[in-house]
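Engineer: Sharing my_file.cif (mmCIF, C-alpha atoms) below.
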data_query
#
loop_
_atom_site.label_atom_id
_atom_site.label_comp_id
_atom_site.auth_asym_id
_atom_site.auth_seq_id
_atom_site.Cartn_x
_atom_site.Cartn_y
_atom_site.Cartn_z
CA MET A 1 -8.31 2.43 -7.06
CA ASN A 2 -8.96 -0.39 -9.56
CA THR A 3 -10.71 -3.70 -8.93
CA TYR A 4 -9.78 -7.24 -9.88
CA GLY A 5 -12.57 -9.80 -9.95
CA ILE A 6 -12.49 -13.54 -9.45
CA GLU A 7 -15.78 -15.25 -10.27
CA GLY A 8 -17.70 -16.17 -7.16
CA HIS A 9 -15.45 -14.11 -4.89
CA GLU A 10 -15.16 -10.56 -3.64
CA PRO A 11 -13.04 -8.34 -5.92
CA SER A 12 -9.62 -7.00 -5.03
CA ILE A 13 -9.13 -3.27 -4.57
CA LEU A 14 -5.93 -2.40 -6.42
CA PRO A 15 -3.97 0.88 -6.38
CA SER A 16 -4.62 3.14 -9.35
CA GLY A 17 -1.95 4.18 -11.84
CA LYS A 18 -0.41 0.72 -12.22
CA LYS A 19 -1.23 -2.60 -13.87
CA PHE A 20 -1.13 -5.87 -11.98
CA LYS A 21 -1.10 -9.61 -12.62
CA LEU A 22 -2.27 -12.15 -10.06
CA VAL A 23 0.59 -14.56 -9.24
CA TRP A 24 -0.50 -16.29 -6.02
CA ALA A 25 -3.76 -16.58 -4.10
CA ASP A 26 -5.77 -18.59 -1.66
CA GLU A 27 -9.55 -18.12 -1.75
CA PHE A 28 -10.01 -20.69 1.05
CA ASP A 29 -12.59 -22.67 -0.89
CA GLY A 30 -13.52 -26.14 0.29
CA THR A 31 -13.18 -27.54 3.79
CA GLU A 32 -9.46 -28.39 4.05
CA LEU A 33 -6.55 -25.96 4.41
CA ASP A 34 -4.20 -26.15 1.42
CA ARG A 35 -0.99 -27.38 3.06
CA THR A 36 0.95 -26.91 -0.19
CA LYS A 37 0.51 -23.16 0.42
CA TRP A 38 0.50 -22.85 4.21
CA ASP A 39 2.22 -24.26 7.25
CA TYR A 40 1.60 -23.58 10.91
CA ARG A 41 4.03 -21.37 12.79
CA LEU A 42 4.60 -23.04 16.15
CA SER A 43 8.01 -21.75 17.24
CA MET A 44 9.57 -18.35 17.75
CA MET A 45 13.21 -17.44 18.37
CA GLN A 46 14.24 -21.11 18.63
CA LYS A 47 11.56 -22.15 21.12
CA MET A 48 8.10 -23.64 20.79
CA HIS A 49 5.66 -20.88 21.67
CA PRO A 50 2.89 -22.03 24.06
CA ALA A 51 0.34 -19.55 22.65
CA TRP A 52 0.29 -21.21 19.20
CA SER A 53 -1.52 -24.33 18.07
CA ASP A 54 -1.98 -26.27 14.85
CA LYS A 55 -5.62 -26.90 15.72
CA GLY A 56 -7.10 -23.39 15.73
CA VAL A 57 -7.77 -23.03 11.99
CA ARG A 58 -10.56 -24.45 9.84
CA LEU A 59 -12.24 -23.71 6.51
CA ASP A 60 -15.98 -23.15 6.87
CA GLY A 61 -16.97 -24.36 3.38
CA GLU A 62 -18.19 -20.87 2.50
CA GLY A 63 -14.85 -19.49 1.33
CA ASN A 64 -13.47 -18.39 4.68
CA CYS A 65 -10.49 -19.42 6.77
CA VAL A 66 -11.61 -19.29 10.40
CA PHE A 67 -9.15 -18.66 13.22
CA THR A 68 -10.60 -19.46 16.65
CA VAL A 69 -9.37 -19.13 20.23
CA ILE A 70 -9.50 -22.69 21.55
CA GLU A 71 -8.39 -24.45 24.73
CA ASP A 72 -5.36 -26.73 24.70
CA GLU A 73 -5.09 -30.03 26.56
CA ASN A 74 -4.43 -28.10 29.79
CA GLY A 75 -7.44 -25.85 29.40
CA ASN A 76 -5.40 -22.80 28.41
CA PRO A 77 -6.46 -20.49 25.56
CA VAL A 78 -4.39 -20.78 22.35
CA SER A 79 -4.77 -19.86 18.68
CA SER A 80 -2.98 -20.35 15.37
CA GLN A 81 -0.59 -18.70 12.93
CA LEU A 82 -0.17 -19.58 9.25
CA GLN A 83 2.87 -18.86 7.09
CA THR A 84 4.13 -19.50 3.57
CA GLY A 85 7.80 -19.57 4.61
CA TYR A 86 10.13 -19.88 7.56
CA ASN A 87 12.34 -17.55 9.59
CA PHE A 88 15.74 -19.22 9.99
CA MET A 89 15.94 -18.15 13.66
CA ASP A 90 12.54 -19.57 14.66
CA GLN A 91 13.26 -23.29 14.43
CA PRO A 92 14.12 -24.88 17.82
CA LEU A 93 17.68 -26.06 18.32
CA GLU A 94 18.74 -29.68 18.30
CA LYS A 95 22.04 -30.90 19.71
CA THR A 96 24.77 -30.83 17.06
CA ALA A 97 28.48 -31.55 16.83
CA PHE A 98 31.18 -30.60 14.32
CA TYR A 99 32.96 -33.90 13.63
CA ASN A 100 34.08 -34.99 17.13
CA ASP A 101 33.88 -31.50 18.61
CA HIS A 102 30.88 -30.81 20.81
CA LEU A 103 30.03 -27.38 19.42
CA GLN A 104 26.45 -26.17 19.24
CA TRP A 105 25.39 -24.51 16.00
CA THR A 106 22.84 -21.93 17.12
CA VAL A 107 20.54 -22.28 14.10
CA GLY A 108 17.91 -25.00 13.89
CA LYS A 109 17.08 -27.21 10.91
CA LEU A 110 16.37 -25.03 7.86
CA ARG A 111 13.19 -25.58 5.84
CA GLU A 112 12.29 -24.82 2.24
CA ASP A 113 9.83 -21.95 1.85
CA LYS A 114 6.46 -22.61 0.20
CA PHE A 115 6.07 -19.13 -1.30
CA THR A 116 8.15 -15.96 -1.23
CA LYS A 117 7.90 -12.80 -3.32
CA LYS A 118 9.93 -9.67 -3.95
CA TYR A 119 7.89 -6.56 -4.82
CA GLY A 120 4.20 -6.55 -5.69
CA TYR A 121 0.82 -5.93 -4.14
CA PHE A 122 -0.14 -8.07 -1.14
CA GLU A 123 -3.81 -8.09 -0.10
CA CYS A 124 -6.01 -9.72 2.52
CA ARG A 125 -9.76 -9.40 3.10
CA CYS A 126 -10.83 -10.29 6.60
CA ARG A 127 -13.27 -9.76 9.45
CA LEU A 128 -11.56 -8.80 12.68
CA GLN A 129 -11.94 -10.48 16.06
CA SER A 130 -14.68 -9.10 18.29
CA LYS A 131 -13.30 -9.74 21.79
CA ASP A 132 -10.33 -8.40 23.73
CA GLY A 133 -7.63 -10.81 24.87
CA TRP A 134 -6.08 -11.75 21.53
CA TRP A 135 -4.87 -10.08 18.35
CA SER A 136 -4.71 -10.67 14.61
CA ALA A 137 -2.21 -9.66 11.91
CA PHE A 138 -1.36 -9.89 8.21
CA TRP A 139 2.32 -9.34 7.46
CA ILE A 140 5.40 -10.36 5.48
CA GLN A 141 8.86 -11.29 6.74
CA SER A 142 12.21 -12.23 5.28
CA PRO A 143 13.47 -15.76 6.01
CA ILE A 144 16.86 -14.26 6.94
CA ILE A 145 15.90 -11.03 8.69
CA GLY A 146 18.66 -9.77 10.96
CA ALA A 147 21.37 -11.98 9.42
CA SER A 148 23.35 -8.84 8.52
CA LEU A 149 23.27 -5.09 9.04
CA ASP A 150 22.09 -4.57 5.46
CA PRO A 151 18.26 -4.72 5.35
CA GLU A 152 18.26 -4.61 1.56
CA LYS A 153 19.98 -8.02 1.55
CA THR A 154 18.43 -9.66 4.61
CA GLY A 155 14.96 -8.15 4.54
CA ILE A 156 12.43 -6.40 6.71
CA GLU A 157 9.31 -7.30 8.67
CA ILE A 158 6.38 -5.37 7.20
CA ASP A 159 3.20 -5.28 9.27
CA ILE A 160 0.37 -4.68 6.80
CA MET A 161 -2.38 -5.11 9.39
CA GLU A 162 -2.25 -5.56 13.14
CA CYS A 163 -5.33 -5.43 15.34
CA PHE A 164 -4.54 -5.57 19.06
CA LYS A 165 -7.90 -4.11 20.10
CA PRO A 166 -11.12 -4.91 18.25
CA GLY A 167 -11.96 -2.13 15.82
CA THR A 168 -8.53 -0.46 15.95
CA ILE A 169 -5.87 -0.99 13.28
CA ALA A 170 -2.43 -0.27 14.72
CA GLY A 171 0.19 1.72 12.86
CA HIS A 172 1.93 -0.15 10.06
CA ASN A 173 5.49 -1.14 11.03
CA ALA A 174 8.75 -1.78 9.23
CA PHE A 175 11.26 -3.68 11.43
CA TRP A 176 14.80 -4.44 10.36
CA GLY A 177 18.06 -5.59 11.93
CA GLY A 178 16.44 -8.59 13.56
CA TYR A 179 14.90 -8.60 17.02
CA GLY A 180 17.88 -7.97 19.26
CA LEU A 181 20.33 -5.15 19.87
CA ASP A 182 20.30 -4.03 16.22
CA ARG A 183 16.53 -3.77 15.86
CA GLN A 184 15.19 -0.61 14.23
CA TYR A 185 11.73 0.34 13.05
CA LYS A 186 9.45 2.94 11.50
CA ARG A 187 5.68 3.26 11.90
CA VAL A 188 2.99 5.06 9.91
CA GLY A 189 -0.78 5.26 9.79
CA GLY A 190 -3.32 3.40 11.87
CA LYS A 191 -7.06 3.99 12.19
CA ASP A 192 -10.32 2.85 13.73
CA VAL A 193 -12.64 0.67 11.64
CA SER A 194 -15.94 -1.14 12.11
CA ARG A 195 -15.73 -4.31 14.19
CA GLU A 196 -18.55 -6.01 12.33
CA ALA A 197 -17.67 -5.20 8.71
CA TRP A 198 -15.26 -6.98 6.38
CA HIS A 199 -12.11 -5.00 5.58
CA THR A 200 -9.40 -5.16 2.94
CA PHE A 201 -5.75 -4.49 3.80
CA GLY A 202 -3.07 -4.03 1.16
CA LEU A 203 0.62 -3.36 0.73
CA LEU A 204 2.23 -1.98 -2.42
CA TRP A 205 5.94 -2.84 -2.26
CA ASP A 206 8.25 -1.61 -4.99
CA GLU A 207 11.76 -0.19 -5.25
CA SER A 208 10.56 3.18 -3.94
CA GLY A 209 9.11 1.88 -0.69
CA TYR A 210 6.01 0.55 1.01
CA THR A 211 2.50 2.03 0.69
CA PHE A 212 -0.25 0.75 2.99
CA TYR A 213 -3.97 0.62 2.18
CA VAL A 214 -7.08 0.12 4.31
CA ASP A 215 -10.29 -0.51 2.35
CA GLY A 216 -8.76 1.03 -0.75
CA GLU A 217 -7.54 4.22 0.94
CA GLU A 218 -3.86 4.99 1.47
CA ASP A 219 -2.89 4.84 5.14
CA GLY A 220 0.80 5.76 5.16
CA ARG A 221 4.05 5.23 3.30
CA ILE A 222 7.58 4.19 4.30
CA THR A 223 10.31 4.99 1.78
CA GLU A 224 13.38 3.49 3.44
CA PRO A 225 14.92 1.07 3.99
CA VAL A 226 13.49 -1.21 1.30
CA SER A 227 14.02 -4.95 1.24
CA LYS A 228 15.40 -6.35 -2.01
CA THR A 229 14.97 -9.97 -1.02
CA PRO A 230 11.92 -12.26 -1.37
CA GLN A 231 9.70 -12.47 1.71
CA PHE A 232 6.95 -14.80 2.90
CA ILE A 233 3.38 -14.18 4.09
CA LEU A 234 1.97 -14.67 7.56
CA ILE A 235 -1.58 -14.56 8.89
CA SER A 236 -1.28 -14.66 12.62
CA THR A 237 -3.32 -14.61 15.78
CA GLU A 238 -2.13 -14.80 19.37
CA VAL A 239 -3.76 -14.72 22.78
CA GLN A 240 -2.35 -12.24 25.26
CA GLY A 241 -0.18 -13.05 28.24
CA TYR A 242 2.27 -15.70 27.07
CA ARG A 243 4.98 -13.13 26.30
CA ARG A 244 5.00 -11.83 29.87
CA GLU A 245 7.61 -13.04 32.33
CA ASP A 246 5.22 -15.53 33.93
CA HIS A 247 4.10 -16.83 30.48
CA THR A 248 0.45 -17.18 31.47
CA PRO A 249 -2.63 -16.07 29.51
CA THR A 250 -4.59 -13.07 30.71
CA LYS A 251 -8.15 -13.25 32.03
CA GLU A 252 -9.25 -11.48 28.83
CA ALA A 253 -7.59 -14.24 26.79
CA ARG A 254 -9.50 -16.88 28.72
CA ALA A 255 -12.73 -14.98 28.12
CA ALA A 256 -12.00 -14.86 24.37
CA VAL A 257 -12.28 -18.65 23.91
CA GLY A 258 -14.61 -19.25 20.97
CA ASP A 259 -14.06 -15.84 19.37
CA THR A 260 -13.13 -15.86 15.67
CA PHE A 261 -11.05 -13.98 13.11
CA LEU A 262 -12.10 -14.72 9.51
CA VAL A 263 -10.03 -14.42 6.33
CA ASP A 264 -11.84 -14.35 2.99
CA TYR A 265 -8.77 -14.39 0.76
CA VAL A 266 -5.08 -13.60 0.44
CA ARG A 267 -3.81 -12.48 -3.00
CA VAL A 268 -0.46 -11.41 -4.36
CA PHE A 269 -0.01 -9.45 -7.59
CA ASP A 270 2.99 -8.64 -9.75
CA ILE A 271 3.41 -5.04 -10.80
CA ILE A 272 3.65 -5.32 -14.59
CA GLU A 273 3.48 -1.66 -15.61
#
Please, can you express the file's structure as structure tokens?
Structural biologist:
Amino acid sequence: MNTYGIEGHEPSILPSGKKFKLVWADEFDGTELDRTKWDYRLSMMQKMHPAWSDKGVRLDGEGNCVFTVIEDENGNPVSSQLQTGYNFMDQPLEKTAFYNDHLQWTVGKLREDKFTKKYGYFECRCRLQSKDGWWSAFWIQSPIIGASLDPEKTGIEIDIMECFKPGTIAGHNAFWGGYGLDRQYKRVGGKDVSREAWHTFGLLWDESGYTFYVDGEEDGRITEPVSKTPQFILISTEVQGYRREDHTPTKEARAAVGDTFLVDYVRVFDIIE
């Protein structure tokens, strides 16, 4: 592996055998989230999701973005998700009509993405949550995933890091075909890591496939299908329970209030050689 240094910050750990150029980054300096780079994800599959809040993220002034399990106005545990783009199927529906015909278009208001990228090296350095009851993730998604049966054109969800249990990194997923009857996926890798230490998670995406890295070591590769469309970045957390039929948080989620997931940086590199 190679390293890439930014003065005053921890260096990147880059795959060997290639040359890279930094094209996008957030080092989370200062005390205010850069809203030109990030937006909050509050809805999923055309509905507002009760587990997500726009109040669970802060910058600590020491170069970290801090995600915290907080209580909403009803005393329920919630947390936050950040994204640099938008899935066209997430936005809630509003009543529409086609001229004088009362026909409902089943896609919400579209939004312009803040940052998308096709191919490159995507990297995040973070410290995982320490309590059960919620999970964290670093991933990329196409704005139009599932809009056709061709994943090259409409993209793939790529889960670079998912931690559902403190200290355990789940297998890295590739989902395509959307999230309904046509959904397909592949999974590789996964490993246990220290709960207390900082870790670096990376994805090398090129025309030959997806290679996943944990702390500079390869942790699996998926060679097909490969998205050929730009995709956006998400850093997400979610408390457990709201996706169950009764849509209520678990007792573990309630006990996790105050726990944190910290992100040191997110960087994206072009592959130049």
Engineer: Just how far from atom CA of A:Ser53 is atom CA of A:Arg195, in Å to one decimal?
Structural biologist: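 These two atoms are separated by 24.9 Å.
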Engineer: Got a sec: who's within 10 Å of A:Glu207, counting all atoms listed in the file, leaving out chain neighbours fewer than 3 positions off, as a PyMOL selection string?
Structural biologist: chain A and resi 118-120+210+223-228
Engineer: Could you tell me, as a list in words, which residues have any atom at most 6 Å from (4.1, -6.1, 5.4), counting only C-alpha atoms?
Structural biologist: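 The requested residues, written out, are Trp139, Ile140, Ile158, Asp159 and Ile160 of chain A.
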Engineer: Expand the PyMOL selection byres ((chain A and resi 56) around 9) into the explicit residue set it covers here, and present it as a list in words.
Structural biologist: Trp52, Ser53, Asp54, Lys55, Val57, Arg58, Val66, Phe67, Thr68, Val69, Ile70, Val78, Ser79, Ser80 and Gln81 of chain A
Engineer: Using C-alpha atoms, can you export the residues from the last selection as a PDB file, in the frame of the given file?
Structural biologist:
ATOM      1  CA  TRP A  52       0.290 -21.210  19.200  1.00  0.00           C
ATOM      2  CA  SER A  53      -1.520 -24.330  18.070  1.00  0.00           C
ATOM      3  CA  ASP A  54      -1.980 -26.270  14.850  1.00  0.00           C
ATOM      4  CA  LYS A  55      -5.620 -26.900  15.720  1.00  0.00           C
ATOM      5  CA  VAL A  57      -7.770 -23.030  11.990  1.00  0.00           C
ATOM      6  CA  ARG A  58     -10.560 -24.450   9.840  1.00  0.00           C
ATOM      7  CA  VAL A  66     -11.610 -19.290  10.400  1.00  0.00           C
ATOM      8  CA  PHE A  67      -9.150 -18.660  13.220  1.00  0.00           C
ATOM      9  CA  THR A  68     -10.600 -19.460  16.650  1.00  0.00           C
ATOM     10  CA  VAL A  69      -9.370 -19.130  20.230  1.00  0.00           C
ATOM     11  CA  ILE A  70      -9.500 -22.690  21.550  1.00  0.00           C
ATOM     12  CA  VAL A  78      -4.390 -20.780  22.350  1.00  0.00           C
ATOM     13  CA  SER A  79      -4.770 -19.860  18.680  1.00  0.00           C
ATOM     14  CA  SER A  80      -2.980 -20.350  15.370  1.00  0.00           C
ATOM     15  CA  GLN A  81      -0.590 -18.700  12.930  1.00  0.00           C
TER      16      GLN A  81
END
Engineer: If you count all atoms listed in the file, which residues fall within 7 Å of stretch 248-265 of chain A, apart from same-chain ones fewer than 5 positions away, as a list in words?
Structural biologist: Asp26, Glu27, Phe28, Gly63, Asn64, Cys65, Val66, Phe67, Thr68, Val69, Ile70, Pro77, Cys124, Arg125, Cys126, Arg127, Leu128, Gln129, Ser130, Lys131, Asp132, Gly133, Trp134, Val239, Gln240, Gly241 and Tyr242 of chain A
Engineer: Selection in question (the file shown): the PyMOL selection byres ((chain A and resi 86-93) around 12). Which residues does it include, as number ranges by chain?
Structural biologist: A: 38-49, 82-85, 94-96, 104-116, 140-147, 154-157, 178-180, 230-234
Engineer: Can you spell out as a compact mmCIF listing (two decimals) with C-alpha atoms, in the frame of the given file the set of residues that the PyMOL selection byres ((chain A and resi 187-192) around 6) selects in the structure I just provided?
Structural biologist:
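Final output, saved to result_6.txt:
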# COMPACT_ATOMS: atom_id res chain seq x y z
CA GLY A 167 -11.96 -2.13 15.82
CA THR A 168 -8.53 -0.46 15.95
CA ILE A 169 -5.87 -0.99 13.28
CA ALA A 170 -2.43 -0.27 14.72
CA GLY A 171 0.19 1.72 12.86
CA HIS A 172 1.93 -0.15 10.06
CA ASN A 173 5.49 -1.14 11.03
CA LYS A 186 9.45 2.94 11.50
CA VAL A 193 -12.64 0.67 11.64
CA ASP A 219 -2.89 4.84 5.14
CA GLY A 220 0.80 5.76 5.16
Engineer: Quick one: of A:Ile272, A:Gly202, A:Val266, A:Tyr99, who's nearest to A:Gly17, counting only C-alpha atoms?
Structural biologist: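 Distance minimum relative to A:Gly17 lands on A:Ile272.
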Engineer: Would you mind telling me which residue in A:Met161, A:Ile222, A:Leu59, A:Leu181 lies nearest to A:Thr31 when using only C-alpha atoms?
Structural biologist: A:Leu59
Engineer: Hey, which of A:Val268, A:Thr36, A:Ser16, A:His102 ends up closest to A:Glu217? Count only C-alpha atoms.
Structural biologist: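 Looking at the shortest contact to A:Glu217, the residue is A:Ser16.
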Engineer: Between A:Ala197, A:Leu203, A:Ala25, A:Ile235, which has the minimum distance to A:Trp135 (counting all atoms listed in the file)?
Structural biologist: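 Looking at the shortest contact to A:Trp135, the residue is A:Ile235.
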Engineer: Which of these, A:Leu33, A:Asn76, A:His199, A:Glu123, has the shortest distance to A:Ala51 once you count all atoms listed in the file?
Structural biologist: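 Comparing A:Leu33, A:Asn76, A:His199, A:Glu123 against A:Ala51, the winner is A:Asn76.
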Engineer: Can you pull out the residues contacting A:Ile13? Cut-off 8 Å, using all atoms listed in the file, and skip same-chain residues under 5 positions away; I want them as a list of chain:residue names.
Structural biologist: A:Met1, A:Asn2, A:Thr3, A:Tyr4, A:Thr200, A:Asp215, A:Gly216
Engineer: Please report the interatomic distance between atom CA of A:Val214 and atom CA of A:Asp34 in Å with one decimal.
Structural biologist: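 Here the two named atoms are 26.6 Å from each other.
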Engineer: Give me the residues within 10 Å of A:Ile271 as a ChimeraX atom specification, counting all atoms listed in the file and dropping any in the same chain fewer than 2 places off.
Structural biologist: /A:18-22,119-121,204-206,268-269,273
Engineer: Would you mind reading off the distance between atom CA of A:Phe212 and atom CA of A:Trp24, one decimal, in Å?
Structural biologist: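 Separation between atom CA of A:Phe212 and atom CA of A:Trp24: 19.3 Å.
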Engineer: Return as JSON the centre and edge lengths, in Å with one decimal, of the box along x, y and z that encloses every atom of stretch 42-56 of chain A in the file, padded by 5 Å per side.
Structural biologist:
{"center_x": 3.6, "center_y": -22.2, "center_z": 19.5, "size_x": 31.3, "size_y": 19.5, "size_z": 19.2}
